file run-v7.cif (mmCIF, C-alpha atoms)
data_upload
loop_
_atom_site.group_PDB
_atom_site.id
_atom_site.type_symbol
_atom_site.label_atom_id
_atom_site.label_comp_id
_atom_site.auth_asym_id
_atom_site.auth_seq_id
_atom_site.Cartn_x
_atom_site.Cartn_y
_atom_site.Cartn_z
ATOM 1 C CA MET A 1 -40.921 -26.401 -24.520
ATOM 2 C CA THR A 2 -39.797 -22.776 -24.778
ATOM 3 C CA TYR A 3 -39.125 -22.602 -21.035
ATOM 4 C CA VAL A 4 -36.987 -25.738 -21.154
ATOM 5 C CA LEU A 5 -34.941 -24.334 -24.027
ATOM 6 C CA ALA A 6 -34.518 -20.985 -22.216
ATOM 7 C CA ALA A 7 -33.441 -22.776 -19.029
ATOM 8 C CA LEU A 8 -30.887 -24.883 -20.939
ATOM 9 C CA LEU A 9 -29.544 -21.771 -22.634
ATOM 10 C CA ALA A 10 -29.262 -19.973 -19.267
ATOM 11 C CA VAL A 11 -27.425 -22.927 -17.688
ATOM 12 C CA ALA A 12 -25.052 -23.117 -20.646
ATOM 13 C CA ALA A 13 -24.321 -19.385 -20.410
ATOM 14 C CA VAL A 14 -23.658 -19.612 -16.650
ATOM 15 C CA LEU A 15 -21.318 -22.590 -17.127
ATOM 16 C CA PHE A 16 -19.467 -20.817 -19.934
ATOM 17 C CA VAL A 17 -18.931 -17.707 -17.811
ATOM 18 C CA ALA A 18 -18.003 -19.672 -14.667
ATOM 19 C CA ARG A 19 -15.605 -22.051 -16.434
ATOM 20 C CA PRO A 20 -12.387 -20.111 -15.560
ATOM 21 C CA PHE A 21 -13.370 -20.151 -11.884
ATOM 22 C CA LEU A 22 -14.232 -23.849 -11.812
ATOM 23 C CA ARG A 23 -11.012 -25.299 -13.183
ATOM 24 C CA GLU A 24 -7.905 -25.920 -11.088
ATOM 25 C CA PRO A 25 -5.126 -23.363 -11.589
ATOM 26 C CA GLY A 26 -1.885 -24.587 -13.071
ATOM 27 C CA ALA A 27 0.962 -25.073 -10.607
ATOM 28 C CA ARG A 28 3.232 -22.713 -12.526
ATOM 29 C CA SER A 29 0.738 -19.817 -12.522
ATOM 30 C CA ASP A 30 -0.125 -20.300 -8.835
ATOM 31 C CA ARG A 31 3.290 -19.341 -7.442
ATOM 32 C CA LEU A 32 4.539 -15.918 -6.453
ATOM 33 C CA SER A 33 8.075 -15.021 -7.338
ATOM 34 C CA GLU A 34 10.554 -14.301 -4.570
ATOM 35 C CA PRO A 35 11.076 -10.533 -4.200
ATOM 36 C CA ASP A 36 14.492 -9.379 -5.324
ATOM 37 C CA GLU A 37 16.789 -7.066 -3.354
ATOM 38 C CA LEU A 38 15.247 -3.906 -4.837
ATOM 39 C CA ASP A 39 11.718 -5.054 -3.915
ATOM 40 C CA ARG A 40 12.816 -5.935 -0.381
ATOM 41 C CA ARG A 41 14.457 -2.516 0.038
ATOM 42 C CA ARG A 42 11.344 -0.760 -1.268
ATOM 43 C CA LEU A 43 9.108 -2.732 1.113
ATOM 44 C CA ALA A 44 11.398 -1.898 4.037
ATOM 45 C CA LEU A 45 11.247 1.803 3.144
ATOM 46 C CA LEU A 46 7.465 1.697 2.817
ATOM 47 C CA GLU A 47 7.183 0.049 6.225
ATOM 48 C CA GLU A 48 9.558 2.596 7.790
ATOM 49 C CA ARG A 49 7.583 5.482 6.300
ATOM 50 C CA ASP A 50 4.286 4.002 7.476
ATOM 51 C CA ARG A 51 5.626 3.430 10.999
ATOM 52 C CA ALA A 52 6.884 7.012 11.205
ATOM 53 C CA LEU A 53 3.608 8.438 9.897
ATOM 54 C CA ASP A 54 1.590 6.304 12.318
ATOM 55 C CA ALA A 55 3.787 7.477 15.183
ATOM 56 C CA LEU A 56 3.278 11.084 14.058
ATOM 57 C CA ARG A 57 -0.503 10.626 14.000
ATOM 58 C CA GLU A 58 -0.393 9.125 17.475
ATOM 59 C CA LEU A 59 1.838 11.946 18.700
ATOM 60 C CA GLU A 60 -0.493 14.592 17.226
ATOM 61 C CA PHE A 61 -3.482 12.922 18.849
ATOM 62 C CA ASP A 62 -1.791 12.730 22.243
ATOM 63 C CA HIS A 63 -0.743 16.382 21.994
ATOM 64 C CA ARG A 64 -4.228 17.550 21.007
ATOM 65 C CA THR A 65 -5.884 15.598 23.804
ATOM 66 C CA GLY A 66 -3.475 16.987 26.381
ATOM 67 C CA LYS A 67 -1.672 13.741 27.155
ATOM 68 C CA LEU A 68 1.592 15.249 25.885
ATOM 69 C CA SER A 69 3.034 18.625 26.864
ATOM 70 C CA ASP A 70 4.196 21.164 24.285
ATOM 71 C CA ASP A 71 7.848 20.627 25.232
ATOM 72 C CA ASP A 72 7.597 16.857 24.898
ATOM 73 C CA TYR A 73 5.758 17.231 21.607
ATOM 74 C CA ARG A 74 8.466 19.517 20.189
ATOM 75 C CA ALA A 75 11.185 17.111 21.305
ATOM 76 C CA LEU A 76 9.530 14.088 19.675
ATOM 77 C CA VAL A 77 7.998 15.474 16.483
ATOM 78 C CA GLY A 78 11.262 16.502 14.764
ATOM 79 C CA PRO A 79 12.922 13.070 14.620
ATOM 80 C CA LEU A 80 9.679 11.429 13.502
ATOM 81 C CA ARG A 81 9.216 13.937 10.704
ATOM 82 C CA ARG A 82 12.819 13.409 9.592
ATOM 83 C CA ARG A 83 12.340 9.619 9.545
ATOM 84 C CA ALA A 84 9.176 9.941 7.462
ATOM 85 C CA ALA A 85 10.794 12.444 5.088
ATOM 86 C CA GLN A 86 13.930 10.332 4.626
ATOM 87 C CA ALA A 87 11.919 7.225 3.821
ATOM 88 C CA THR A 88 9.678 9.163 1.429
ATOM 89 C CA ARG A 89 12.685 10.726 -0.317
ATOM 90 C CA ALA A 90 14.338 7.326 -0.651
ATOM 91 C CA LEU A 91 11.190 5.977 -2.329
ATOM 92 C CA GLU A 92 11.132 8.717 -4.980
ATOM 93 C CA PRO A 93 12.901 8.127 -8.282
ATOM 94 C CA ARG A 94 16.275 9.878 -8.408
ATOM 95 C CA GLY A 95 16.081 13.592 -9.117
ATOM 96 C CA GLU A 96 12.296 13.814 -8.956
ATOM 97 C CA GLY A 97 12.239 15.135 -5.389
ATOM 98 C CA ARG A 98 14.763 17.880 -6.150
ATOM 99 C CA GLU A 99 12.833 19.015 -9.232
ATOM 100 C CA ARG A 100 9.582 19.105 -7.275
ATOM 101 C CA ALA A 101 11.222 21.119 -4.491
ATOM 102 C CA ARG A 102 12.633 23.617 -6.994
ATOM 103 C CA ALA A 103 9.242 24.009 -8.674
ATOM 104 C CA ALA A 104 7.527 24.614 -5.337
ATOM 105 C CA GLY A 105 10.208 27.026 -4.080
#

call {"tool": "encode", "arguments": {"input": "run-v7.cif", "output": "structure tokens"}}
result
Amino acid sequence: MTYVLAALLAVAAVLFVARPFLREPGARSDRLSEPDELDRRRLALLEERDRALDALRELEFDHRTGKLSDDDYRALVGPLRRRAAQATRALEPRGEGRERARAAG
């Protein structure tokens, strides 16, 4: 008798905990909102920064493994660093980057 009562209590506890996962979500709460212009701009800047950083990693790897000469490396690394820096600066809140640069310098 005690085991049956314990099993019923365990099943009830599992059902109570699992209840939010078992019901169907409401249609209103299941939708994502369309990103606004600011969100789209931020995503574009994040993607640009990530592409530039990935290209820099690839460039560093090719230079270290000898696939890229020193002259070619110097010619390519500057523009990639500028692209990454510009995207990173554009992502920072206004004025924060200047204050950080002054504190470091």

call {"tool": "atom_distance", "arguments": {"input": "run-v7.cif", "atom1": "atom CA of Leu43 of chain A", "atom2": "atom CA of Leu91 of chain A"}}
result
9.6 Å

call {"tool": "atom_distance", "arguments": {"input": "run-v7.cif", "atom1": "atom CA of Val77 of chain A", "atom2": "atom CA of Arg64 of chain A"}}
result
13.2 Å

call {"tool": "residues_around", "arguments": {"input": "run-v7.cif", "residues": "segment 87-89 of chain A", "least_positions_apart": "3", "cutoff": "6 Å", "atoms": "only C-alpha atoms", "output": "list of chain:residue names"}}
result
A:Leu45, A:Arg49, A:Ala84, A:Glu92

call {"tool": "closest_residue", "arguments": {"input": "run-v7.cif", "among": "A:Val4, A:Leu32, A:Ala90, A:Ala85", "to": "Leu53 of chain A", "atoms": "all atoms listed in the file"}}
result
A:Ala85

call {"tool": "atom_distance", "arguments": {"input": "run-v7.cif", "atom1": "atom CA of Arg42 of chain A", "atom2": "atom CA of Arg74 of chain A"}}
result
29.7 Å

call {"tool": "closest_residue", "arguments": {"input": "run-v7.cif", "among": "A:Pro35, A:Phe21, A:Arg83, A:Leu5", "to": "Glu48 of chain A", "atoms": "all atoms listed in the file"}}
result
A:Arg83
